[in-house]
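Below is one structure; the comments refer to it alone.
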Amino acid sequence: MDEVVKRVMPHSNEAEQAVIGSMLMDSNAISVAGETIKAEDFYNKNYAELFKAMMKLSSEGKACDLVTVKSQLEEQGVPSEIVSLDFIKNILDMVTTSANVKEYARIVHDKSVMRKLIKATEDITNRCYSGNETSDELLESTEKEIFDLVQKGHSSEVKDIKDIALSVINKIDKASKTKGSITGIKTGYTKLDYMLSGLQQGDLILIAARPSVGKTALALNIAEHVGIKQNIPVAIFSAEMKDESLVQRLFSQVSMISGQKIRNGELSDRDWENLVEAAGTVGNSQIIINDTSGIDVNVMRSQCRKLKLEKDIQLVIVDYVQLLTTNSSGKHLKVTNREQQVAEISRTLKAIAKELDVAVVALSQLNRGPETREDKKPNIGDLRESGGLEQDADVAILLSRVYDQETKQEDKNRILVNVAKQRQGPTGELELVWLGDYTKYENPETSHI
């Protein structure tokens, strides 16, 4: 009969002792260790309690020695054997130097990640045997768990309110240094950037309009400003247009050569020089394009995770919501109609923004409501197929052509941009100038028209 081997969870008792001893020996080692590990990373719960005690003392600006640590442990209500001065002193005696505390902490962290991986795979195995979920659901949750370990490393899902408060103060301080102007990703449109403070990471930004008004053009203009002019990685998921068509539009925007000329090849020598230069600029940019038709939103989520790890994308553009699909019905929700599907897609897009800490710009169609109104202006209730879009969006931008009610004519060179919803900022309208030959928007104050 084969011998049964009892497997012990990965850990290094020596490294854990060395971390605690280094922290007792040198107050600077406390901050060094605290940057890499947390109390839950310790396999030995006694060491975890010691770590918490010293981190608590350090955060309060108190001295960290045998007496103060013993007192703090008593406040934490830990077992008496840990509070013993002999127990603490024995750990200190095992360490000769605190110089290697960063390496000791790295070992503790690595072993912690291994234990989390084992737990995650065990949970997935049990869920596979239970048969209560589809393979798509299992793959999605597995990928998320592994991504969280890769992306976040040692960070905990639960954050201390002090850490959150400090993060908010840092962001406010950053805003004050930029004189309160732009804290997010700049779109290149002055008034829009001022109103939104740029595209904020973690936000779902909806851009909606009737067909042929210019949703894709605005999204591409933003992509050009972000991925080319600011050199920030941006991913475009286009379920409507082919990648070559999008790149051709980018060529026109960058070179300021008419799209019709480029399509027909009616180019002068000067045009060719500008086009080749534009091709080099676009080709070396931080823009990534996926033109899969009818892409499943969960597949898109997987690709975004991969791009976040490999390219550190900061902006995701989706063109457009109603062309995405979803094969996931969820454990408690059976998706039976298109409205429920779009609502699920909307929730997933918001989840991508929050999980990856990126801005997600999603384009959407509007219904025919604006055409029945005298002023032809859309409102947020015109969003097609789902109220979930309105609910999940942090920012909702509605596009329409400027319409003269007296002459009953549209001004094809002026686009009205209505920020109809913004969770943490003002709403209002602004205008952009439309250069149709180049599928390009410009600020009115800098326009050539």
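The way I read the labels, and the way they are meant: chains A, B, ... in the order of the structure tokens, residue 1 as the first residue of every chain, and ligand 1 as the first ligand shown, with later ones counted on from there.
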Could you build a table of the residues in region 82-128 of chain A lying no more than 9 Å from region 140-144 of chain A, giving for each the nearest pair of atoms and their separation in Å rounded to one decimal place, using only C-alpha atoms, ordered by chain and ascending residue number, as a Markdown table?
| residue | atom | partner | partner_atom | distance |
| --- | --- | --- | --- | --- |
| A:Ala120 | CA | A:Thr142 | CA | 7.8 |
| A:Thr121 | CA | A:Thr142 | CA | 8.1 |
| A:Ile124 | CA | A:Thr142 | CA | 7.0 |
Problem - Polymer residues at most 12 Å from Ala53 (chain A), only C-alpha atoms, same-chain spacing of 2 or more positions, as a PyMOL selection string - result: chain A and resi 20+23-24+30+38-39+46-51+55-60+62-78+82-83+88
For region 188-191 of chain A, please output as a short mmCIF file (atom, residue, chain, number, x, y, z; two decimals) with N, CA and C atoms, in the first residue's frame all residues within 12 Å (counting only C-alpha atoms; exclusion window: fewer than 4 positions along the same chain).
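result-v2.cif, written as the output of this step:
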data_model
loop_
_atom_site.label_atom_id
_atom_site.label_comp_id
_atom_site.auth_asym_id
_atom_site.auth_seq_id
_atom_site.Cartn_x
_atom_site.Cartn_y
_atom_site.Cartn_z
N SER A 181 -7.66 71.57 -12.06
CA SER A 181 -8.11 71.41 -13.43
C SER A 181 -8.37 69.95 -13.78
N ILE A 182 -7.34 69.22 -14.14
CA ILE A 182 -7.54 67.86 -14.63
C ILE A 182 -6.86 66.86 -13.72
N GLY A 184 -7.91 63.42 -14.09
CA GLY A 184 -8.02 62.16 -14.82
C GLY A 184 -7.26 62.21 -16.13
N MET A 195 -15.08 70.10 -17.21
CA MET A 195 -16.32 69.66 -16.59
C MET A 195 -16.16 68.31 -15.90
N LEU A 196 -15.41 67.39 -16.55
CA LEU A 196 -15.24 66.04 -16.01
C LEU A 196 -14.01 65.90 -15.13
N SER A 197 -13.12 66.90 -15.17
CA SER A 197 -11.77 66.77 -14.59
C SER A 197 -11.03 65.61 -15.24
N GLY A 198 -11.31 65.40 -16.52
CA GLY A 198 -10.70 64.29 -17.26
C GLY A 198 -11.49 63.01 -17.05
N LEU A 199 -11.11 61.96 -17.78
CA LEU A 199 -11.75 60.66 -17.63
C LEU A 199 -11.17 59.99 -16.38
N LEU A 218 -15.81 60.59 -32.12
CA LEU A 218 -15.40 61.20 -30.86
C LEU A 218 -14.52 60.24 -30.06
N ALA A 219 -14.91 58.97 -30.03
CA ALA A 219 -14.12 57.98 -29.30
C ALA A 219 -12.72 57.85 -29.89
N LEU A 220 -12.62 57.85 -31.22
CA LEU A 220 -11.31 57.75 -31.87
C LEU A 220 -10.47 59.00 -31.65
N ASN A 221 -11.13 60.16 -31.64
CA ASN A 221 -10.41 61.40 -31.34
C ASN A 221 -9.81 61.35 -29.94
N ILE A 222 -10.60 60.83 -28.99
CA ILE A 222 -10.10 60.69 -27.62
C ILE A 222 -8.96 59.67 -27.58
N ALA A 223 -9.12 58.57 -28.32
CA ALA A 223 -8.06 57.55 -28.37
C ALA A 223 -6.77 58.12 -28.93
N GLU A 224 -6.90 58.97 -29.96
CA GLU A 224 -5.71 59.61 -30.54
C GLU A 224 -5.01 60.49 -29.50
N HIS A 225 -5.79 61.29 -28.80
CA HIS A 225 -5.20 62.20 -27.81
C HIS A 225 -4.54 61.43 -26.67
N VAL A 226 -5.18 60.33 -26.26
CA VAL A 226 -4.65 59.54 -25.14
C VAL A 226 -3.48 58.66 -25.57
N GLY A 227 -3.69 57.87 -26.63
CA GLY A 227 -2.70 56.87 -27.03
C GLY A 227 -1.54 57.41 -27.83
N ILE A 228 -1.71 58.56 -28.50
CA ILE A 228 -0.64 59.12 -29.33
C ILE A 228 -0.02 60.34 -28.65
N LYS A 229 -0.85 61.34 -28.36
CA LYS A 229 -0.31 62.59 -27.82
C LYS A 229 0.16 62.47 -26.38
N GLN A 230 -0.54 61.62 -25.58
CA GLN A 230 -0.14 61.45 -24.18
C GLN A 230 0.63 60.16 -23.94
N VAL A 417 -22.66 68.66 -27.16
CA VAL A 417 -22.23 67.62 -26.22
C VAL A 417 -22.90 67.90 -24.88
N ASN A 418 -23.82 67.03 -24.51
CA ASN A 418 -24.59 67.21 -23.28
C ASN A 418 -24.12 66.21 -22.22
N VAL A 419 -23.44 66.69 -21.19
CA VAL A 419 -23.09 65.83 -20.05
C VAL A 419 -24.35 65.76 -19.19
N PRO A 426 -20.50 68.42 -12.15
CA PRO A 426 -21.62 69.15 -12.76
C PRO A 426 -22.09 68.52 -14.06
N THR A 427 -23.28 68.86 -14.45
CA THR A 427 -23.80 68.50 -15.76
C THR A 427 -23.95 69.79 -16.56
N GLY A 428 -24.15 69.64 -17.86
CA GLY A 428 -24.29 70.83 -18.69
C GLY A 428 -23.92 70.53 -20.14
N GLU A 429 -24.03 71.57 -20.97
CA GLU A 429 -23.80 71.42 -22.40
C GLU A 429 -22.59 72.22 -22.86
N LEU A 430 -21.97 71.72 -23.93
CA LEU A 430 -20.89 72.45 -24.59
C LEU A 430 -20.94 72.08 -26.07
N GLU A 431 -20.22 72.84 -26.88
CA GLU A 431 -20.22 72.57 -28.32
C GLU A 431 -18.82 72.20 -28.79
N LEU A 432 -18.77 71.35 -29.81
CA LEU A 432 -17.53 71.04 -30.52
C LEU A 432 -17.74 71.29 -32.00
N VAL A 433 -16.67 71.58 -32.68
CA VAL A 433 -16.73 71.81 -34.13
C VAL A 433 -16.41 70.49 -34.83
N LYS A 440 -13.07 64.44 -37.52
CA LYS A 440 -12.34 65.02 -36.40
C LYS A 440 -13.17 66.11 -35.72
N TYR A 441 -13.12 66.10 -34.38
CA TYR A 441 -13.72 67.17 -33.59
C TYR A 441 -12.63 68.13 -33.14
N GLU A 442 -12.98 69.42 -33.05
CA GLU A 442 -12.03 70.41 -32.54
C GLU A 442 -12.73 71.29 -31.51
N ASN A 443 -11.93 71.86 -30.63
CA ASN A 443 -12.46 72.87 -29.72
C ASN A 443 -12.85 74.11 -30.52
N PRO A 444 -13.99 74.73 -30.24
CA PRO A 444 -14.41 75.92 -31.00
C PRO A 444 -13.37 77.04 -31.01
N GLU A 445 -12.66 77.19 -29.88
CA GLU A 445 -11.69 78.29 -29.78
C GLU A 445 -10.45 78.06 -30.62
N THR A 446 -10.19 76.82 -31.04
CA THR A 446 -8.99 76.54 -31.84
C THR A 446 -9.34 76.04 -33.23
N SER A 447 -10.64 76.02 -33.55
CA SER A 447 -11.06 75.48 -34.83
C SER A 447 -10.64 76.37 -35.99
#
Handout entry: DSSP strand (DSSP E or B) selection over region 128-323 of chain A, as a count of residues only
Key = 23
Practice task
Considering only C-alpha atoms, return as a list in words whatever protein or nucleic-acid residues lie within 8 Å of region 237-245 of chain A, sequence-local ones (same chain, fewer than 3 positions apart) excluded.
Solution key: Gln248, Arg249, Ile289, Asn290, Asp291, Thr292, Ser293, Gly294, Ile295, Met300, Val316, Ile317, Val318, Asp319, Tyr320, Leu323 and Leu324 of chain A
Exercise for the section: Calculate how many Å separate CA of Ala353 (chain A) from CA of Asp203 (chain A), rounding to one decimal. Expected result: 5.8 Å
Which residues in region 248-397 of chain A does DSSP call helix (DSSP H, G or I)? List them as a compact mmCIF listing (two decimals) with N, CA and C atoms, in the first residue's frame.
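Once written, part-v4.txt looks like this:
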# COMPACT_ATOMS: atom_id res chain seq x y z
N GLN A 248 -7.47 53.72 -40.68
CA GLN A 248 -7.56 54.68 -41.79
C GLN A 248 -8.12 56.02 -41.28
N ARG A 249 -9.09 55.95 -40.38
CA ARG A 249 -9.62 57.18 -39.78
C ARG A 249 -8.55 57.89 -38.95
N LEU A 250 -7.77 57.10 -38.23
CA LEU A 250 -6.69 57.69 -37.43
C LEU A 250 -5.66 58.38 -38.34
N PHE A 251 -5.37 57.76 -39.47
CA PHE A 251 -4.46 58.38 -40.44
C PHE A 251 -4.98 59.75 -40.86
N SER A 252 -6.29 59.82 -41.14
CA SER A 252 -6.89 61.07 -41.58
C SER A 252 -6.84 62.13 -40.49
N GLN A 253 -7.15 61.71 -39.24
CA GLN A 253 -7.11 62.64 -38.11
C GLN A 253 -5.71 63.21 -37.89
N VAL A 254 -4.71 62.33 -37.94
CA VAL A 254 -3.34 62.74 -37.61
C VAL A 254 -2.73 63.56 -38.75
N SER A 255 -2.97 63.14 -40.00
CA SER A 255 -2.34 63.79 -41.15
C SER A 255 -3.12 65.00 -41.65
N GLY A 259 -10.44 61.94 -45.58
CA GLY A 259 -10.65 60.50 -45.61
C GLY A 259 -11.02 60.00 -46.99
N GLN A 260 -11.74 60.83 -47.75
CA GLN A 260 -12.12 60.46 -49.12
C GLN A 260 -10.89 60.33 -50.00
N LYS A 261 -9.94 61.26 -49.85
CA LYS A 261 -8.69 61.18 -50.61
C LYS A 261 -7.92 59.91 -50.29
N ILE A 262 -7.87 59.58 -49.00
CA ILE A 262 -7.14 58.38 -48.59
C ILE A 262 -7.80 57.14 -49.16
N ARG A 263 -9.13 57.07 -49.09
CA ARG A 263 -9.85 55.89 -49.61
C ARG A 263 -9.65 55.74 -51.11
N ASN A 264 -9.65 56.85 -51.83
CA ASN A 264 -9.52 56.80 -53.30
C ASN A 264 -8.07 56.77 -53.78
N ASP A 269 2.14 64.37 -53.82
CA ASP A 269 3.41 63.98 -53.19
C ASP A 269 3.46 64.47 -51.75
N ARG A 270 2.97 65.67 -51.52
CA ARG A 270 2.95 66.22 -50.17
C ARG A 270 2.03 65.41 -49.27
N ASP A 271 0.87 65.01 -49.85
CA ASP A 271 -0.06 64.18 -49.08
C ASP A 271 0.60 62.86 -48.67
N TRP A 272 1.34 62.26 -49.61
CA TRP A 272 2.01 60.99 -49.31
C TRP A 272 3.03 61.16 -48.17
N GLU A 273 3.75 62.26 -48.19
CA GLU A 273 4.72 62.51 -47.12
C GLU A 273 4.02 62.60 -45.77
N ASN A 274 2.91 63.35 -45.74
CA ASN A 274 2.16 63.49 -44.50
C ASN A 274 1.54 62.17 -44.05
N LEU A 275 1.08 61.39 -45.04
CA LEU A 275 0.44 60.11 -44.72
C LEU A 275 1.45 59.11 -44.15
N VAL A 276 2.63 59.06 -44.75
CA VAL A 276 3.67 58.15 -44.26
C VAL A 276 4.08 58.54 -42.84
N GLU A 277 4.18 59.85 -42.61
CA GLU A 277 4.53 60.33 -41.27
C GLU A 277 3.44 59.96 -40.26
N ALA A 278 2.17 60.12 -40.69
CA ALA A 278 1.04 59.77 -39.82
C ALA A 278 1.02 58.27 -39.52
N ALA A 279 1.34 57.46 -40.54
CA ALA A 279 1.37 56.00 -40.36
C ALA A 279 2.41 55.61 -39.32
N GLY A 280 3.56 56.28 -39.37
CA GLY A 280 4.60 56.02 -38.38
C GLY A 280 4.16 56.40 -36.98
N THR A 281 3.48 57.55 -36.88
CA THR A 281 2.99 58.02 -35.58
C THR A 281 1.96 57.06 -35.00
N VAL A 282 0.99 56.66 -35.83
CA VAL A 282 -0.06 55.74 -35.37
C VAL A 282 0.53 54.37 -35.05
N GLY A 283 1.44 53.91 -35.93
CA GLY A 283 2.03 52.59 -35.74
C GLY A 283 2.85 52.46 -34.47
N VAL A 297 -18.82 39.83 -23.76
CA VAL A 297 -18.29 40.81 -22.81
C VAL A 297 -17.35 40.17 -21.79
N ASN A 298 -17.55 38.88 -21.48
CA ASN A 298 -16.66 38.22 -20.53
C ASN A 298 -15.33 37.86 -21.18
N VAL A 299 -15.36 37.58 -22.48
CA VAL A 299 -14.10 37.38 -23.22
C VAL A 299 -13.33 38.69 -23.27
N MET A 300 -14.07 39.78 -23.49
CA MET A 300 -13.45 41.10 -23.50
C MET A 300 -12.83 41.41 -22.14
N ARG A 301 -13.52 41.04 -21.09
CA ARG A 301 -13.01 41.25 -19.73
C ARG A 301 -11.69 40.51 -19.52
N SER A 302 -11.63 39.28 -20.03
CA SER A 302 -10.39 38.49 -19.92
C SER A 302 -9.25 39.17 -20.67
N GLN A 303 -9.55 39.66 -21.87
CA GLN A 303 -8.51 40.32 -22.65
C GLN A 303 -8.05 41.61 -21.99
N CYS A 304 -8.98 42.33 -21.37
CA CYS A 304 -8.61 43.56 -20.65
C CYS A 304 -7.67 43.25 -19.49
N ARG A 305 -7.95 42.17 -18.78
CA ARG A 305 -7.06 41.77 -17.68
C ARG A 305 -5.65 41.50 -18.20
N LYS A 306 -5.59 40.79 -19.31
CA LYS A 306 -4.29 40.46 -19.91
C LYS A 306 -3.56 41.73 -20.34
N LEU A 307 -4.29 42.66 -20.97
CA LEU A 307 -3.69 43.91 -21.42
C LEU A 307 -3.28 44.80 -20.26
N LYS A 308 -4.01 44.71 -19.16
CA LYS A 308 -3.64 45.48 -17.97
C LYS A 308 -2.30 45.00 -17.43
N LEU A 309 -2.12 43.69 -17.41
CA LEU A 309 -0.87 43.12 -16.91
C LEU A 309 0.29 43.39 -17.86
N GLU A 310 0.04 43.24 -19.16
CA GLU A 310 1.13 43.34 -20.15
C GLU A 310 1.43 44.78 -20.56
N LYS A 311 0.38 45.60 -20.72
CA LYS A 311 0.55 46.95 -21.26
C LYS A 311 0.20 48.06 -20.27
N VAL A 321 -22.11 49.21 -27.20
CA VAL A 321 -22.67 48.30 -26.21
C VAL A 321 -23.65 47.31 -26.82
N GLN A 322 -24.55 47.79 -27.67
CA GLN A 322 -25.61 46.93 -28.20
C GLN A 322 -25.10 45.84 -29.14
N LEU A 323 -23.82 45.92 -29.55
CA LEU A 323 -23.26 44.89 -30.42
C LEU A 323 -22.47 43.83 -29.64
N ARG A 338 -33.27 40.71 -24.57
CA ARG A 338 -32.15 41.59 -24.90
C ARG A 338 -31.95 42.67 -23.84
N GLU A 339 -33.02 43.14 -23.23
CA GLU A 339 -32.88 44.17 -22.21
C GLU A 339 -32.06 43.65 -21.03
N GLN A 340 -32.32 42.42 -20.60
CA GLN A 340 -31.56 41.82 -19.51
C GLN A 340 -30.10 41.61 -19.92
N GLN A 341 -29.88 41.22 -21.20
CA GLN A 341 -28.52 41.03 -21.68
C GLN A 341 -27.72 42.33 -21.64
N VAL A 342 -28.33 43.41 -22.12
CA VAL A 342 -27.65 44.71 -22.12
C VAL A 342 -27.37 45.16 -20.69
N ALA A 343 -28.31 44.89 -19.78
CA ALA A 343 -28.11 45.24 -18.38
C ALA A 343 -26.92 44.47 -17.81
N GLU A 344 -26.80 43.19 -18.17
CA GLU A 344 -25.67 42.38 -17.70
C GLU A 344 -24.36 42.88 -18.30
N ILE A 345 -24.39 43.24 -19.59
CA ILE A 345 -23.20 43.80 -20.25
C ILE A 345 -22.78 45.09 -19.56
N SER A 346 -23.76 45.93 -19.25
CA SER A 346 -23.49 47.21 -18.58
C SER A 346 -22.82 46.98 -17.23
N ARG A 347 -23.33 46.04 -16.44
CA ARG A 347 -22.74 45.74 -15.13
C ARG A 347 -21.31 45.24 -15.28
N THR A 348 -21.08 44.43 -16.31
CA THR A 348 -19.74 43.90 -16.53
C THR A 348 -18.76 44.99 -16.91
N LEU A 349 -19.19 45.93 -17.74
CA LEU A 349 -18.32 47.05 -18.13
C LEU A 349 -17.95 47.89 -16.91
N LYS A 350 -18.92 48.11 -16.04
CA LYS A 350 -18.63 48.86 -14.80
C LYS A 350 -17.66 48.07 -13.93
N ALA A 351 -17.84 46.75 -13.88
CA ALA A 351 -16.95 45.90 -13.09
C ALA A 351 -15.52 45.94 -13.63
N ILE A 352 -15.38 45.98 -14.96
CA ILE A 352 -14.05 46.08 -15.57
C ILE A 352 -13.37 47.37 -15.13
N ALA A 353 -14.12 48.48 -15.18
CA ALA A 353 -13.55 49.78 -14.80
C ALA A 353 -13.05 49.75 -13.36
N LYS A 354 -13.85 49.18 -12.48
CA LYS A 354 -13.51 49.18 -11.06
C LYS A 354 -12.39 48.18 -10.76
N GLU A 355 -12.50 46.98 -11.32
CA GLU A 355 -11.52 45.93 -11.03
C GLU A 355 -10.13 46.29 -11.54
N LEU A 356 -10.05 46.83 -12.76
CA LEU A 356 -8.76 47.12 -13.37
C LEU A 356 -8.30 48.55 -13.12
N GLY A 369 -36.47 58.63 -29.87
CA GLY A 369 -37.10 59.69 -29.09
C GLY A 369 -36.74 61.10 -29.53
N PRO A 370 -35.44 61.41 -29.77
CA PRO A 370 -35.07 62.78 -30.15
C PRO A 370 -35.75 63.27 -31.43
N GLU A 371 -36.04 62.35 -32.34
CA GLU A 371 -36.63 62.75 -33.63
C GLU A 371 -38.07 63.23 -33.48
N THR A 372 -38.70 62.89 -32.37
CA THR A 372 -40.09 63.29 -32.16
C THR A 372 -40.22 64.62 -31.42
N ILE A 380 -31.55 61.37 -21.35
CA ILE A 380 -30.97 60.12 -20.88
C ILE A 380 -31.96 58.96 -20.93
N GLY A 381 -33.25 59.28 -20.97
CA GLY A 381 -34.26 58.25 -21.08
C GLY A 381 -34.32 57.61 -22.46
N ASP A 382 -33.58 58.17 -23.43
CA ASP A 382 -33.59 57.63 -24.79
C ASP A 382 -32.59 56.48 -24.99
N GLY A 387 -32.44 50.31 -19.10
CA GLY A 387 -32.24 51.34 -18.09
C GLY A 387 -31.00 51.06 -17.28
N GLY A 388 -30.46 49.85 -17.40
CA GLY A 388 -29.23 49.50 -16.69
C GLY A 388 -28.06 50.36 -17.10
N LEU A 389 -28.03 50.79 -18.34
CA LEU A 389 -26.96 51.67 -18.82
C LEU A 389 -26.97 52.98 -18.05
N GLU A 390 -28.17 53.55 -17.91
CA GLU A 390 -28.29 54.82 -17.18
C GLU A 390 -27.89 54.64 -15.73
N GLN A 391 -28.25 53.51 -15.14
CA GLN A 391 -27.96 53.26 -13.73
C GLN A 391 -26.48 53.04 -13.48
N ASP A 392 -25.81 52.26 -14.34
CA ASP A 392 -24.41 51.88 -14.10
C ASP A 392 -23.42 52.96 -14.49
